[in-house]
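Peer 1: I have a structure I would like to understand better, so I am pasting it below and will then ask my questions one at a time.
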Amino acid sequence: MNYIETPFNYTGSKFKLLSQILPQMDLSKKTFVDVFCGGGSVYTNVLDKYESVIANDIIADLVGIHQGLLNSDTIVDSTKSLCPGKSNPEGYAKLREDYNNNPSPDKLWALMLSCTNNMIRFNQKFKFNQTYGDRGFSDATQKKVDNFVNHIRKYNNIEYLSIPFDQIEVNSDMMIYCDPPYGRIKEEDGSLGKKQISEAGYNAFWKKEDDINLYNFLVNADRIGASFMVSGVLHHDGKTCWMLDKLIKDGFRYKVIEYDYNKVSRKGDKETTEVIITNYEN
Ligand SMILES: C[S@@+](CC[C@H](N)C(=O)[O-])C[C@H]1O[C@@H](n2cnc3c(N)ncnc32)[C@H](O)[C@@H]1O
């Protein structure tokens, strides 16, 4: 199966896991909701399977890039002109400062293309703080952009949103896919811990109550009659994710996914179990 690769090299992208994840989606629903769409590899590859598709992420400028690319080539041109290029750390520092003072989707995309490992990273004050990666808008990027826009512009069933996941209005005709940031760990006494099971550059957006809110969001979706799939790391380095563990203990079905992240997120040789959990049988 040839999947469309989005032009973002997004941290935690599900691109390499699509062949395991997509066949498990419930295709009987009308609307697919990619609740934590990130770089968009999941929603991009189900556009022909659902009447309508909603792609949401809390990072408004990230959603702005997706939307910009759907509508025209303007964002490609402005992003190219904003990229500082190679051997230009001062230009990068200026762009980053400019973005943090006056954010926009094209500036964020130029930063993502130019920073270390293309890894989006925000501090606790939601300021972009990734270092310069001595890279930019390459021929390979252009190829991915062309593939991506040629694909998404064939459909007029995409709606973009940028709201916290728990504000999404769920109905029974939805297939809800959740690929949240790393969840918080389960303490030895079974309680919800403070630390997330691993580190990602968008962890700043994951609030203290979000593990409980996501658990409640999914249980509510199930009660309403929607289908859901949540993917994530159940175990990492001897730790267990509280939220995923609780859903499995509740009796929702789960399947272990072959872990295939790149070396950046593999975190050495620490043992990791990645799962999908669904409230339906496939
Ligand atoms: C693991 S990534 C998703 C990756 C995506 N599936 C892909 O293939 O590229 C998780 C995403 O959740 C977003 N996020 C974090 N907190 C959120 C919230 N409260 N509501 C919605 N999105 C959130 C982050 O910005 C990040 O892009």
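Chain labels A, B, ... are given in the sequence in which chains occur in the structure tokens; within each chain residues are numbered consecutively from 1, and ligands are likewise numbered from 1 in the order shown.
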Which of stretch 132-185 of chain A counts as alpha helix (DSSP H) under DSSP, as a list in words please?
Peer 2: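 Result set for stretch 132-185 of chain A (alpha helix (DSSP H)): Asp139, Ala140, Thr141, Gln142, Lys143, Lys144, Val145, Asp146, Asn147, Phe148, Val149, Asn150, His151 and Ile152 of chain A.
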Peer 1: Throw together the list of residues within 7 Å of ligand 1, counting only C-alpha atoms and all ligand atoms, and drop it here as a ChimeraX atom specification.
Peer 2: /A:10-15,35-42,56-59,163-165,179-181,202-203,205-206,210
Peer 1: Write a file of the selected residues as an mmCIF file, in the first residue's frame, keeping N, CA, C and O atoms.
Peer 2:
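selection_29.cif, written as the output of this step:
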data_model
loop_
_atom_site.group_PDB
_atom_site.id
_atom_site.type_symbol
_atom_site.label_atom_id
_atom_site.label_comp_id
_atom_site.auth_asym_id
_atom_site.auth_seq_id
_atom_site.Cartn_x
_atom_site.Cartn_y
_atom_site.Cartn_z
ATOM 1 N N TYR A 10 6.917 15.046 11.137
ATOM 2 C CA TYR A 10 6.414 15.445 12.457
ATOM 3 C C TYR A 10 6.826 14.449 13.553
ATOM 4 O O TYR A 10 6.722 13.234 13.369
ATOM 5 N N THR A 11 7.243 14.967 14.703
ATOM 6 C CA THR A 11 7.593 14.090 15.831
ATOM 7 C C THR A 11 6.385 13.246 16.224
ATOM 8 O O THR A 11 5.303 13.789 16.448
ATOM 9 N N GLY A 12 6.576 11.944 16.337
ATOM 10 C CA GLY A 12 5.466 11.077 16.736
ATOM 11 C C GLY A 12 4.535 10.762 15.584
ATOM 12 O O GLY A 12 3.439 10.229 15.797
ATOM 13 N N SER A 13 4.957 11.087 14.355
ATOM 14 C CA SER A 13 4.109 10.806 13.194
ATOM 15 C C SER A 13 3.766 9.318 13.115
ATOM 16 O O SER A 13 4.606 8.459 13.383
ATOM 17 N N LYS A 14 2.549 9.030 12.734
ATOM 18 C CA LYS A 14 2.116 7.645 12.630
ATOM 19 C C LYS A 14 2.370 7.080 11.224
ATOM 20 O O LYS A 14 1.925 5.967 10.923
ATOM 21 N N PHE A 15 3.098 7.809 10.382
ATOM 22 C CA PHE A 15 3.259 7.382 8.990
ATOM 23 C C PHE A 15 3.735 5.929 8.884
ATOM 24 O O PHE A 15 3.169 5.132 8.149
ATOM 25 N N VAL A 35 -8.329 13.651 16.057
ATOM 26 C CA VAL A 35 -8.436 14.586 17.188
ATOM 27 C C VAL A 35 -7.111 15.287 17.488
ATOM 28 O O VAL A 35 -7.077 16.438 17.882
ATOM 29 N N PHE A 36 -6.005 14.564 17.286
ATOM 30 C CA PHE A 36 -4.656 15.114 17.549
ATOM 31 C C PHE A 36 -3.860 14.965 16.254
ATOM 32 O O PHE A 36 -2.959 14.142 16.161
ATOM 33 N N CYS A 37 -4.200 15.760 15.227
ATOM 34 C CA CYS A 37 -3.731 15.408 13.867
ATOM 35 C C CYS A 37 -2.243 15.645 13.656
ATOM 36 O O CYS A 37 -1.640 14.997 12.798
ATOM 37 N N GLY A 38 -1.579 16.515 14.412
ATOM 38 C CA GLY A 38 -0.134 16.715 14.262
ATOM 39 C C GLY A 38 0.262 16.958 12.816
ATOM 40 O O GLY A 38 -0.239 17.863 12.148
ATOM 41 N N GLY A 39 1.150 16.115 12.299
ATOM 42 C CA GLY A 39 1.592 16.239 10.913
ATOM 43 C C GLY A 39 0.593 15.702 9.904
ATOM 44 O O GLY A 39 0.826 15.809 8.693
ATOM 45 N N GLY A 40 -0.485 15.113 10.368
ATOM 46 C CA GLY A 40 -1.610 14.781 9.486
ATOM 47 C C GLY A 40 -1.505 13.473 8.721
ATOM 48 O O GLY A 40 -2.306 13.227 7.818
ATOM 49 N N SER A 41 -0.577 12.594 9.096
ATOM 50 C CA SER A 41 -0.433 11.385 8.272
ATOM 51 C C SER A 41 -1.667 10.483 8.323
ATOM 52 O O SER A 41 -1.917 9.746 7.369
ATOM 53 N N VAL A 42 -2.439 10.561 9.379
ATOM 54 C CA VAL A 42 -3.592 9.660 9.472
ATOM 55 C C VAL A 42 -4.782 10.204 8.663
ATOM 56 O O VAL A 42 -5.280 9.548 7.742
ATOM 57 N N ASN A 56 -7.972 18.038 13.684
ATOM 58 C CA ASN A 56 -7.841 19.006 14.777
ATOM 59 C C ASN A 56 -6.468 18.897 15.442
ATOM 60 O O ASN A 56 -5.918 17.800 15.563
ATOM 61 N N ASP A 57 -5.932 20.020 15.862
ATOM 62 C CA ASP A 57 -4.744 20.008 16.729
ATOM 63 C C ASP A 57 -4.760 21.308 17.516
ATOM 64 O O ASP A 57 -5.201 22.345 17.008
ATOM 65 N N ILE A 58 -4.241 21.242 18.735
ATOM 66 C CA ILE A 58 -4.275 22.433 19.585
ATOM 67 C C ILE A 58 -3.324 23.524 19.093
ATOM 68 O O ILE A 58 -3.499 24.698 19.404
ATOM 69 N N ILE A 59 -2.321 23.158 18.297
ATOM 70 C CA ILE A 59 -1.370 24.165 17.793
ATOM 71 C C ILE A 59 -1.981 24.831 16.558
ATOM 72 O O ILE A 59 -1.964 24.277 15.450
ATOM 73 N N ILE A 163 -8.898 23.241 18.439
ATOM 74 C CA ILE A 163 -9.498 23.402 19.768
ATOM 75 C C ILE A 163 -8.971 22.284 20.681
ATOM 76 O O ILE A 163 -8.520 21.249 20.180
ATOM 77 N N PRO A 164 -9.018 22.503 22.007
ATOM 78 C CA PRO A 164 -8.627 21.408 22.906
ATOM 79 C C PRO A 164 -9.541 20.198 22.647
ATOM 80 O O PRO A 164 -10.742 20.366 22.390
ATOM 81 N N PHE A 165 -8.962 18.992 22.681
ATOM 82 C CA PHE A 165 -9.699 17.784 22.264
ATOM 83 C C PHE A 165 -11.044 17.632 22.963
ATOM 84 O O PHE A 165 -12.022 17.174 22.360
ATOM 85 N N ASP A 179 -4.529 10.231 18.785
ATOM 86 C CA ASP A 179 -3.102 9.941 18.921
ATOM 87 C C ASP A 179 -2.513 11.047 19.804
ATOM 88 O O ASP A 179 -1.837 11.960 19.322
ATOM 89 N N PRO A 180 -2.800 10.975 21.099
ATOM 90 C CA PRO A 180 -2.432 12.089 21.999
ATOM 91 C C PRO A 180 -0.937 12.109 22.300
ATOM 92 O O PRO A 180 -0.227 11.146 21.995
ATOM 93 N N PRO A 181 -0.450 13.209 22.919
ATOM 94 C CA PRO A 181 0.917 13.206 23.434
ATOM 95 C C PRO A 181 1.065 12.075 24.459
ATOM 96 O O PRO A 181 0.055 11.543 24.944
ATOM 97 N N TYR A 202 5.807 18.794 22.227
ATOM 98 C CA TYR A 202 4.496 19.427 22.412
ATOM 99 C C TYR A 202 3.881 19.032 23.748
ATOM 100 O O TYR A 202 2.701 19.236 23.979
ATOM 101 N N ASN A 203 4.690 18.444 24.667
ATOM 102 C CA ASN A 203 4.167 18.061 25.977
ATOM 103 C C ASN A 203 3.638 19.271 26.756
ATOM 104 O O ASN A 203 2.758 19.123 27.600
ATOM 105 N N PHE A 205 1.675 21.375 25.901
ATOM 106 C CA PHE A 205 0.247 21.579 25.631
ATOM 107 C C PHE A 205 -0.619 20.556 26.370
ATOM 108 O O PHE A 205 -1.836 20.628 26.303
ATOM 109 N N TRP A 206 0.018 19.580 26.992
ATOM 110 C CA TRP A 206 -0.746 18.509 27.661
ATOM 111 C C TRP A 206 -0.914 18.870 29.125
ATOM 112 O O TRP A 206 0.018 18.788 29.913
ATOM 113 N N ASP A 210 -5.415 16.465 31.647
ATOM 114 C CA ASP A 210 -5.778 15.957 30.320
ATOM 115 C C ASP A 210 -5.875 14.434 30.223
ATOM 116 O O ASP A 210 -6.657 13.918 29.429
#
Peer 1: Could you name the residues that touch A:Gly64 at 9 Å or less, counting only C-alpha atoms, but leaving out those on the same chain fewer than 5 positions away, as a PDB file with all heavy atoms, in the first residue's frame?
Peer 2:
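part13.pdb written:
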ATOM      1  N   ILE A  59      -2.321  23.158  18.297  1.00  0.00           N
ATOM      2  CA  ILE A  59      -1.370  24.165  17.793  1.00  0.00           C
ATOM      3  C   ILE A  59      -1.981  24.831  16.558  1.00  0.00           C
ATOM      4  O   ILE A  59      -1.964  24.277  15.450  1.00  0.00           O
ATOM      5  CB  ILE A  59       0.006  23.537  17.481  1.00  0.00           C
ATOM      6  CG1 ILE A  59       0.548  22.821  18.727  1.00  0.00           C
ATOM      7  CG2 ILE A  59       0.991  24.602  16.994  1.00  0.00           C
ATOM      8  CD1 ILE A  59       1.872  22.102  18.529  1.00  0.00           C
ATOM      9  N   LEU A  69      -2.208  24.914   2.861  1.00  0.00           N
ATOM     10  CA  LEU A  69      -1.817  24.057   1.736  1.00  0.00           C
ATOM     11  C   LEU A  69      -3.020  23.536   0.966  1.00  0.00           C
ATOM     12  O   LEU A  69      -2.944  23.316  -0.241  1.00  0.00           O
ATOM     13  CB  LEU A  69      -0.970  22.885   2.240  1.00  0.00           C
ATOM     14  CG  LEU A  69       0.473  23.248   2.613  1.00  0.00           C
ATOM     15  CD1 LEU A  69       1.142  22.109   3.376  1.00  0.00           C
ATOM     16  CD2 LEU A  69       1.278  23.576   1.348  1.00  0.00           C
ATOM     17  N   SER A 104       2.678  33.055  13.067  1.00  0.00           N
ATOM     18  CA  SER A 104       1.852  32.809  11.884  1.00  0.00           C
ATOM     19  C   SER A 104       2.216  31.420  11.347  1.00  0.00           C
ATOM     20  O   SER A 104       3.313  30.915  11.621  1.00  0.00           O
ATOM     21  CB  SER A 104       2.109  33.878  10.813  1.00  0.00           C
ATOM     22  OG  SER A 104       3.435  33.766  10.351  1.00  0.00           O
ATOM     23  N   PRO A 105       1.323  30.793  10.579  1.00  0.00           N
ATOM     24  CA  PRO A 105       1.595  29.440  10.083  1.00  0.00           C
ATOM     25  C   PRO A 105       2.852  29.353   9.226  1.00  0.00           C
ATOM     26  O   PRO A 105       3.641  28.418   9.371  1.00  0.00           O
ATOM     27  CB  PRO A 105       0.339  29.118   9.250  1.00  0.00           C
ATOM     28  CG  PRO A 105      -0.740  29.935   9.869  1.00  0.00           C
ATOM     29  CD  PRO A 105      -0.072  31.211  10.300  1.00  0.00           C
ATOM     30  N   ASP A 106       3.087  30.329   8.331  1.00  0.00           N
ATOM     31  CA  ASP A 106       4.270  30.220   7.461  1.00  0.00           C
ATOM     32  C   ASP A 106       5.569  30.322   8.251  1.00  0.00           C
ATOM     33  O   ASP A 106       6.545  29.619   7.980  1.00  0.00           O
ATOM     34  CB  ASP A 106       4.224  31.222   6.287  1.00  0.00           C
ATOM     35  CG  ASP A 106       3.944  32.653   6.717  1.00  0.00           C
ATOM     36  OD1 ASP A 106       3.768  32.911   7.924  1.00  0.00           O
ATOM     37  OD2 ASP A 106       3.892  33.523   5.820  1.00  0.00           O
ATOM     38  N   TYR A 160     -10.934  21.767   9.106  1.00  0.00           N
ATOM     39  CA  TYR A 160      -9.836  21.907  10.072  1.00  0.00           C
ATOM     40  C   TYR A 160     -10.316  22.630  11.323  1.00  0.00           C
ATOM     41  O   TYR A 160     -11.088  23.591  11.234  1.00  0.00           O
ATOM     42  CB  TYR A 160      -8.679  22.685   9.447  1.00  0.00           C
ATOM     43  CG  TYR A 160      -7.965  21.903   8.364  1.00  0.00           C
ATOM     44  CD1 TYR A 160      -8.162  22.199   7.017  1.00  0.00           C
ATOM     45  CD2 TYR A 160      -7.109  20.854   8.687  1.00  0.00           C
ATOM     46  CE1 TYR A 160      -7.518  21.474   6.022  1.00  0.00           C
ATOM     47  CE2 TYR A 160      -6.460  20.121   7.696  1.00  0.00           C
ATOM     48  CZ  TYR A 160      -6.666  20.439   6.368  1.00  0.00           C
ATOM     49  OH  TYR A 160      -6.035  19.717   5.390  1.00  0.00           O
ATOM     50  N   SER A 162      -8.928  23.920  15.447  1.00  0.00           N
ATOM     51  CA  SER A 162      -7.840  23.982  16.414  1.00  0.00           C
ATOM     52  C   SER A 162      -8.440  24.301  17.773  1.00  0.00           C
ATOM     53  O   SER A 162      -8.530  25.458  18.178  1.00  0.00           O
ATOM     54  CB  SER A 162      -6.809  25.047  16.017  1.00  0.00           C
ATOM     55  OG  SER A 162      -5.776  25.067  16.981  1.00  0.00           O
TER      56      SER A 162
END
Peer 1: Contacts of A:Lys144 at 7 Å or less, counting only C-alpha atoms, minus same-chain residues fewer than 3 places along, as a list in words?
Peer 2: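 So, after excluding close chain neighbours, the residues are Glu5, Thr6, Pro7, Ala140, Thr141, Asn147 and Phe148 of chain A.
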Peer 1: Limited to C-alpha atoms, could you put the picked residues into a file as a CSV table (one decimal), in the first residue's frame?
Peer 2:
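Just written: out_9.csv:
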chain,number,residue,atom,x,y,z
A,5,GLU,CA,3.6,11.2,3.3
A,6,THR,CA,2.8,14.7,4.6
A,7,PRO,CA,5.6,17.3,4.2
A,140,ALA,CA,12.6,16.5,-1.0
A,141,THR,CA,10.3,18.8,0.8
A,147,ASN,CA,2.3,14.9,-3.5
A,148,PHE,CA,0.4,16.1,-0.4
Peer 1: Please measure the separation of atom CA of A:Leu47 and atom CA of A:Ile224, giving the value in Å to one decimal.
Peer 2: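 That distance, rounded to one decimal, is 23.9 Å.
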Peer 1: Kindly indicate which residue among A:Ala200, A:Ile212, A:Met1, A:Ile277 lies nearest to A:Asn123, using only C-alpha atoms for the distances.
Peer 2: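 Answer, going by the shortest atom-to-atom distance: A:Ala200.
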Peer 1: Closest to A:Lys194 among A:Leu70, A:Gln124, A:Asp237, A:Trp242, using only C-alpha atoms?
Peer 2: A:Trp242
Peer 1: So how far away is atom CA of A:Asn156 from atom CA of A:Phe217, in Å?
Peer 2: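 Separation between atom CA of A:Phe217 and atom CA of A:Asn156: 27.9 Å.
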Peer 1: Can you list, as a list in words, every protein, DNA or RNA residue that comes within 10 Å of A:Glu281 when you count only C-alpha atoms, leaving out same-chain residues fewer than 2 positions away?
Peer 2: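 Once the nearby chain positions are removed, what remains is Gln24, Met25, Asp26, Ser227, Phe252, Arg253, Tyr254, Thr278 and Asn279 of chain A.
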Peer 1: Run DSSP on the backbone and give me the residues of stretch 30-218 of chain A it puts in strand (DSSP E or B), as a PyMOL selection string.
Peer 2: chain A and resi 31-34+52-56+115+122+128+132+158-161+174-178+184-186+192-196
Peer 1: So how many Å separate atom CA of A:Asn102 and atom CA of A:Ile120, to one decimal?
Peer 2: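 About the pair atom CA of A:Asn102 and atom CA of A:Ile120: they are 17.1 Å apart.
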Peer 1: Give the answer as one residue: which of A:Ala110, A:Arg135, A:Thr273, A:Gln167 has the shortest atom-to-atom distance to A:Ile197, using only C-alpha atoms?
Peer 2: A:Thr273
Peer 1: Would you pick out the contacts of A:Asp134 at 7 Å or less, using only C-alpha atoms, so that residues sharing its chain but fewer than 5 positions from it are not included, and give the list as a VMD selection string?
Peer 2: chain A and resid 86 to 87 114 to 115
Peer 1: How would the residues just chosen look if you wrote them out with N, CA, C and O atoms as a short mmCIF file (atom, residue, chain, number, x, y, z; two decimals), in the first residue's frame?
Peer 2:
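And here's again13.cif as it stands now:
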data_model
loop_
_atom_site.label_atom_id
_atom_site.label_comp_id
_atom_site.auth_asym_id
_atom_site.auth_seq_id
_atom_site.Cartn_x
_atom_site.Cartn_y
_atom_site.Cartn_z
N LYS A 86 20.84 27.45 4.86
CA LYS A 86 21.94 26.79 5.58
C LYS A 86 22.97 27.81 6.07
O LYS A 86 23.05 28.92 5.54
N SER A 87 23.73 27.41 7.06
CA SER A 87 24.82 28.22 7.67
C SER A 87 24.34 29.62 8.02
O SER A 87 25.03 30.61 7.76
N SER A 114 13.64 24.27 9.39
CA SER A 114 15.02 24.73 9.60
C SER A 114 15.62 24.23 10.91
O SER A 114 16.82 24.39 11.14
N CYS A 115 14.81 23.68 11.80
CA CYS A 115 15.30 23.39 13.16
C CYS A 115 15.89 21.99 13.27
O CYS A 115 15.75 21.16 12.37
#
